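Data block below; observations after.
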Amino acid sequence: MAASPLGGEVKPTLYVENGLPAVTSGTVDLDARGRRTALLFTGGVDSFHALLTRGARPDLLVFVHGYDVALDDRRRAESVTALVDEVAGETGTRALVLRTNLREHALLRATDWEQVHGGGLAAVGHLLSASIARLVVASSFSRRYHVPWGSHFRIDHLWSSRAVRIEHFGEHANRTQKIVAIAHEPLVQRHLRVCWENRTPTGNCGACPKCTVTMAALAQIGMLEAVQTLRPARPLAELLAQDGLERFRQPLRELVALDPGSAVGRAAAERLRVMARRPSANRVRRLVDDVAVRWHAHRR
Ligand SMILES: [Zn+2]
C-alpha cells in the first residue's frame with residue numbers, strides 16, 4: 001500500500017476469514033489524530049445533503065465497497081470511487097475507500113442488512129478511530145416519517161465510544177426537502193447517484209422506484225433537465241405506475257405536495273390511491289406484532 005502523502009497510513013480490517021482477500025483501504029493521515037470528521041458518502045441525496053448543507057463539515061468522505069456495492073462488483077466500485085474522488089477534490093475534503101467482506105460473515109448473512117446495517121456503518125468509525133473523532137451518518141428518513149431501519153436518529157449515536165462519536169445527520173429534513181436544497185448545486189447535477197438496484201453496470205438506471213421518485217421530485221421543481229446523471233428510461237407518468245413504489249409512499253406524498261396539478265403530481269397521486277387499497281408491508285407487520293403481544297399477554 002502506498003504511503004499517505006501526509007505521512008501516516010492505516011490499513012484497517014473488517015472481518016477476514018477462510019482465506020478471503022484481506023480487507024483493506026486507502027490511506028489516512030494519522031498525524032491529525034482524533035480531530036477529523038468523516039462522512040459516509042455514496043453520492044446519493046442524503047450524503048450530498050449532509051456534505052453541502054454544511055451541517056456535517058467533514059474532512060473525509062468515506063465510501064465502503066462491500067456494503068451497498070457488492071465486493072465483486074469492481075466496475076461499479078471503480079465508478080463510485082471516481083465519483084467520491086472528484087467530489088472530495090471539489091469540496092476540499094479527502095476521499096477514502098474501504099473494502100470489506102463484513103456482509104459475507106455468517107451472522108450478517110442470516111440477518112436483514114436493511115435492519116442491521118447501522119452497526120456496520122458505526123464499525124467504520126471505530127475502525128478509523130486512530131484518525132477521526134466523528135463519523136457522520138446521513139439520515140435515510142426524516143424525524144417525522146421514520147420507519148424501522150438499521151440506521152436511525154434514535155440509535156446511531158448509541159454506537160459512539162470515548163474515541164469516536166457517531167452522529168446521525170439530516171433527520172430534520174425529508175427526502176424531498178433535501179432534493180430541493182441540493183438540486184441547484186453543479187456538483188450534484190454532475191454526480192448524483194441514487195440507484196441501488198444495479199440494473200445498469202454503473203450510474204442510475206432511470207427506471208427503478210428510487211430513480212423514479214427522485215426524478216419525479218426533480219421534475220416537480222423544474223430541475224430534472226439540469227441533473228445530468230438521471231434520465232427517465234420511460235415517461236415519468238408511466239414509471240410512477242410501476243409496482244415496487246410501496247416503500248416510497250412518503251416521498252410520493254411530498255412530491256404531490258410540490259405541485260398537485262402537474263402531470264407528475266397527478267400520476268403520483270393516482271399511484272398513492274392505488275396503493276391505499278392494499279395494506280402496506282409495515283401495516284401487516286404491525287398487525288402480526290400486535291397479535292403476538294396479545295397472545296403472550298394472554299398466556300401470562
Ligand atoms: Zn435506478
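Numbering starts fresh at 1 for the residues of each chain in the C-alpha cells, the chains themselves are lettered A, B, ... in the order given, and ligands are numbered from 1 as they appear.
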
Give the residue list for ligand 1 at 12 Å, counting only C-alpha atoms and all ligand atoms, as a PyMOL selection string, sorted by chain and then by residue number.
chain A and resi 44+192-215+229-233+239+244

Could you dump the residues just selected with N, CA and C atoms as an mmCIF file, in the first residue's frame?
data_model
loop_
_atom_site.group_PDB
_atom_site.id
_atom_site.type_symbol
_atom_site.label_atom_id
_atom_site.label_comp_id
_atom_site.auth_asym_id
_atom_site.auth_seq_id
_atom_site.Cartn_x
_atom_site.Cartn_y
_atom_site.Cartn_z
ATOM 1 N N GLY A 44 -25.383 9.886 -3.018
ATOM 2 C CA GLY A 44 -26.839 9.946 -3.052
ATOM 3 C C GLY A 44 -27.379 11.233 -2.449
ATOM 4 N N LEU A 192 -24.947 13.104 -8.993
ATOM 5 C CA LEU A 192 -25.952 12.458 -8.133
ATOM 6 C C LEU A 192 -26.167 10.989 -8.524
ATOM 7 N N ARG A 193 -26.117 10.140 -7.531
ATOM 8 C CA ARG A 193 -26.215 8.702 -7.773
ATOM 9 C C ARG A 193 -27.144 8.112 -6.715
ATOM 10 N N VAL A 194 -28.334 7.725 -7.151
ATOM 11 C CA VAL A 194 -29.331 7.263 -6.179
ATOM 12 C C VAL A 194 -29.677 5.785 -6.338
ATOM 13 N N CYS A 195 -29.290 5.188 -7.441
ATOM 14 C CA CYS A 195 -29.780 3.859 -7.828
ATOM 15 C C CYS A 195 -28.981 2.753 -7.149
ATOM 16 N N TRP A 196 -29.682 1.875 -6.471
ATOM 17 C CA TRP A 196 -29.013 0.740 -5.832
ATOM 18 C C TRP A 196 -29.480 -0.585 -6.400
ATOM 19 N N GLU A 197 -30.286 -0.543 -7.439
ATOM 20 C CA GLU A 197 -30.818 -1.802 -7.976
ATOM 21 C C GLU A 197 -29.837 -2.469 -8.930
ATOM 22 N N ASN A 198 -28.805 -1.718 -9.330
ATOM 23 C CA ASN A 198 -27.744 -2.282 -10.165
ATOM 24 C C ASN A 198 -28.271 -2.899 -11.461
ATOM 25 N N ARG A 199 -29.283 -2.253 -12.057
ATOM 26 C CA ARG A 199 -29.804 -2.763 -13.331
ATOM 27 C C ARG A 199 -28.880 -2.400 -14.492
ATOM 28 N N THR A 200 -28.042 -1.386 -14.262
ATOM 29 C CA THR A 200 -27.062 -0.987 -15.269
ATOM 30 C C THR A 200 -25.669 -1.130 -14.652
ATOM 31 N N PRO A 201 -24.622 -1.298 -15.481
ATOM 32 C CA PRO A 201 -23.279 -1.548 -14.919
ATOM 33 C C PRO A 201 -22.792 -0.429 -14.008
ATOM 34 N N THR A 202 -23.108 0.806 -14.333
ATOM 35 C CA THR A 202 -22.733 1.933 -13.470
ATOM 36 C C THR A 202 -23.867 2.952 -13.513
ATOM 37 N N GLY A 203 -23.799 3.915 -12.637
ATOM 38 C CA GLY A 203 -24.743 5.030 -12.687
ATOM 39 C C GLY A 203 -26.172 4.668 -12.320
ATOM 40 N N ASN A 204 -27.103 5.554 -12.695
ATOM 41 C CA ASN A 204 -28.516 5.375 -12.362
ATOM 42 C C ASN A 204 -29.243 4.695 -13.523
ATOM 43 N N CYS A 205 -30.188 3.810 -13.174
ATOM 44 C CA CYS A 205 -30.900 3.081 -14.239
ATOM 45 C C CYS A 205 -32.005 3.923 -14.863
ATOM 46 N N GLY A 206 -32.517 4.910 -14.116
ATOM 47 C CA GLY A 206 -33.573 5.764 -14.662
ATOM 48 C C GLY A 206 -34.925 5.077 -14.743
ATOM 49 N N ALA A 207 -35.080 3.958 -14.028
ATOM 50 C CA ALA A 207 -36.355 3.225 -14.114
ATOM 51 C C ALA A 207 -36.820 2.644 -12.785
ATOM 52 N N CYS A 208 -35.893 2.346 -11.880
ATOM 53 C CA CYS A 208 -36.282 1.674 -10.633
ATOM 54 C C CYS A 208 -37.075 2.650 -9.747
ATOM 55 N N PRO A 209 -37.743 2.140 -8.705
ATOM 56 C CA PRO A 209 -38.542 3.031 -7.856
ATOM 57 C C PRO A 209 -37.754 4.206 -7.268
ATOM 58 N N LYS A 210 -36.517 3.975 -6.842
ATOM 59 C CA LYS A 210 -35.760 5.070 -6.221
ATOM 60 C C LYS A 210 -35.377 6.127 -7.257
ATOM 61 N N CYS A 211 -34.923 5.673 -8.438
ATOM 62 C CA CYS A 211 -34.659 6.633 -9.514
ATOM 63 C C CYS A 211 -35.944 7.392 -9.849
ATOM 64 N N THR A 212 -37.066 6.657 -9.899
ATOM 65 C CA THR A 212 -38.334 7.263 -10.305
ATOM 66 C C THR A 212 -38.766 8.378 -9.353
ATOM 67 N N VAL A 213 -38.773 8.104 -8.042
ATOM 68 C CA VAL A 213 -39.248 9.150 -7.115
ATOM 69 C C VAL A 213 -38.277 10.333 -7.095
ATOM 70 N N THR A 214 -36.986 10.065 -7.295
ATOM 71 C CA THR A 214 -36.012 11.164 -7.316
ATOM 72 C C THR A 214 -36.218 12.020 -8.562
ATOM 73 N N MET A 215 -36.372 11.364 -9.720
ATOM 74 C CA MET A 215 -36.586 12.120 -10.960
ATOM 75 C C MET A 215 -37.903 12.886 -10.897
ATOM 76 N N THR A 229 -27.129 13.088 -14.471
ATOM 77 C CA THR A 229 -26.962 11.650 -14.213
ATOM 78 C C THR A 229 -28.284 10.889 -14.182
ATOM 79 N N LEU A 230 -29.390 11.601 -14.297
ATOM 80 C CA LEU A 230 -30.698 10.947 -14.202
ATOM 81 C C LEU A 230 -31.539 11.245 -15.425
ATOM 82 N N ARG A 231 -31.805 10.226 -16.215
ATOM 83 C CA ARG A 231 -32.679 10.390 -17.375
ATOM 84 C C ARG A 231 -33.756 9.309 -17.312
ATOM 85 N N PRO A 232 -35.025 9.675 -17.399
ATOM 86 C CA PRO A 232 -36.095 8.666 -17.325
ATOM 87 C C PRO A 232 -35.995 7.669 -18.480
ATOM 88 N N ALA A 233 -36.029 6.381 -18.137
ATOM 89 C CA ALA A 233 -35.977 5.340 -19.169
ATOM 90 C C ALA A 233 -37.293 5.282 -19.931
ATOM 91 N N LEU A 239 -43.541 5.458 -15.363
ATOM 92 C CA LEU A 239 -42.692 4.917 -14.299
ATOM 93 C C LEU A 239 -43.400 4.976 -12.951
ATOM 94 N N GLY A 244 -43.711 -1.682 -6.833
ATOM 95 C CA GLY A 244 -42.448 -1.533 -6.122
ATOM 96 C C GLY A 244 -42.276 -0.171 -5.477
#

What's around Val62 of chain A at 10 Å? Count only C-alpha atoms, leave out sequence neighbours fewer than 4 positions away in its own chain, and write the answer as a list in words.
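Answer for this query is Ala38, Leu39, Leu40, Phe41, Thr42, Pro58, Thr81, Val84, Asp85, Ala88, Arg94, Ala95, Leu96, Val97, Leu98, Val124, Gly125, Leu135 and Val136 of chain A.
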
So which one's closest to Ile182 of chain A, A:Pro235, A:Met275, A:Leu218, A:Ile155? Using only C-alpha atoms, please.
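Of A:Pro235, A:Met275, A:Leu218, A:Ile155, the one nearest Ile182 of chain A, counting only C-alpha atoms, is A:Leu218.
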
Nearest to Phe48 of chain A, chosen from A:Leu102, A:Leu61, A:Ala110, A:Val188, with only C-alpha atoms counted in the distances
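Checking each candidate against Phe48 of chain A, we get A:Val188 as the closest.
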
Would you work out the distance separating atom CA of Ser161 of chain A from atom CA of His126 of chain A, expressed in Å to one decimal?
8.0 Å
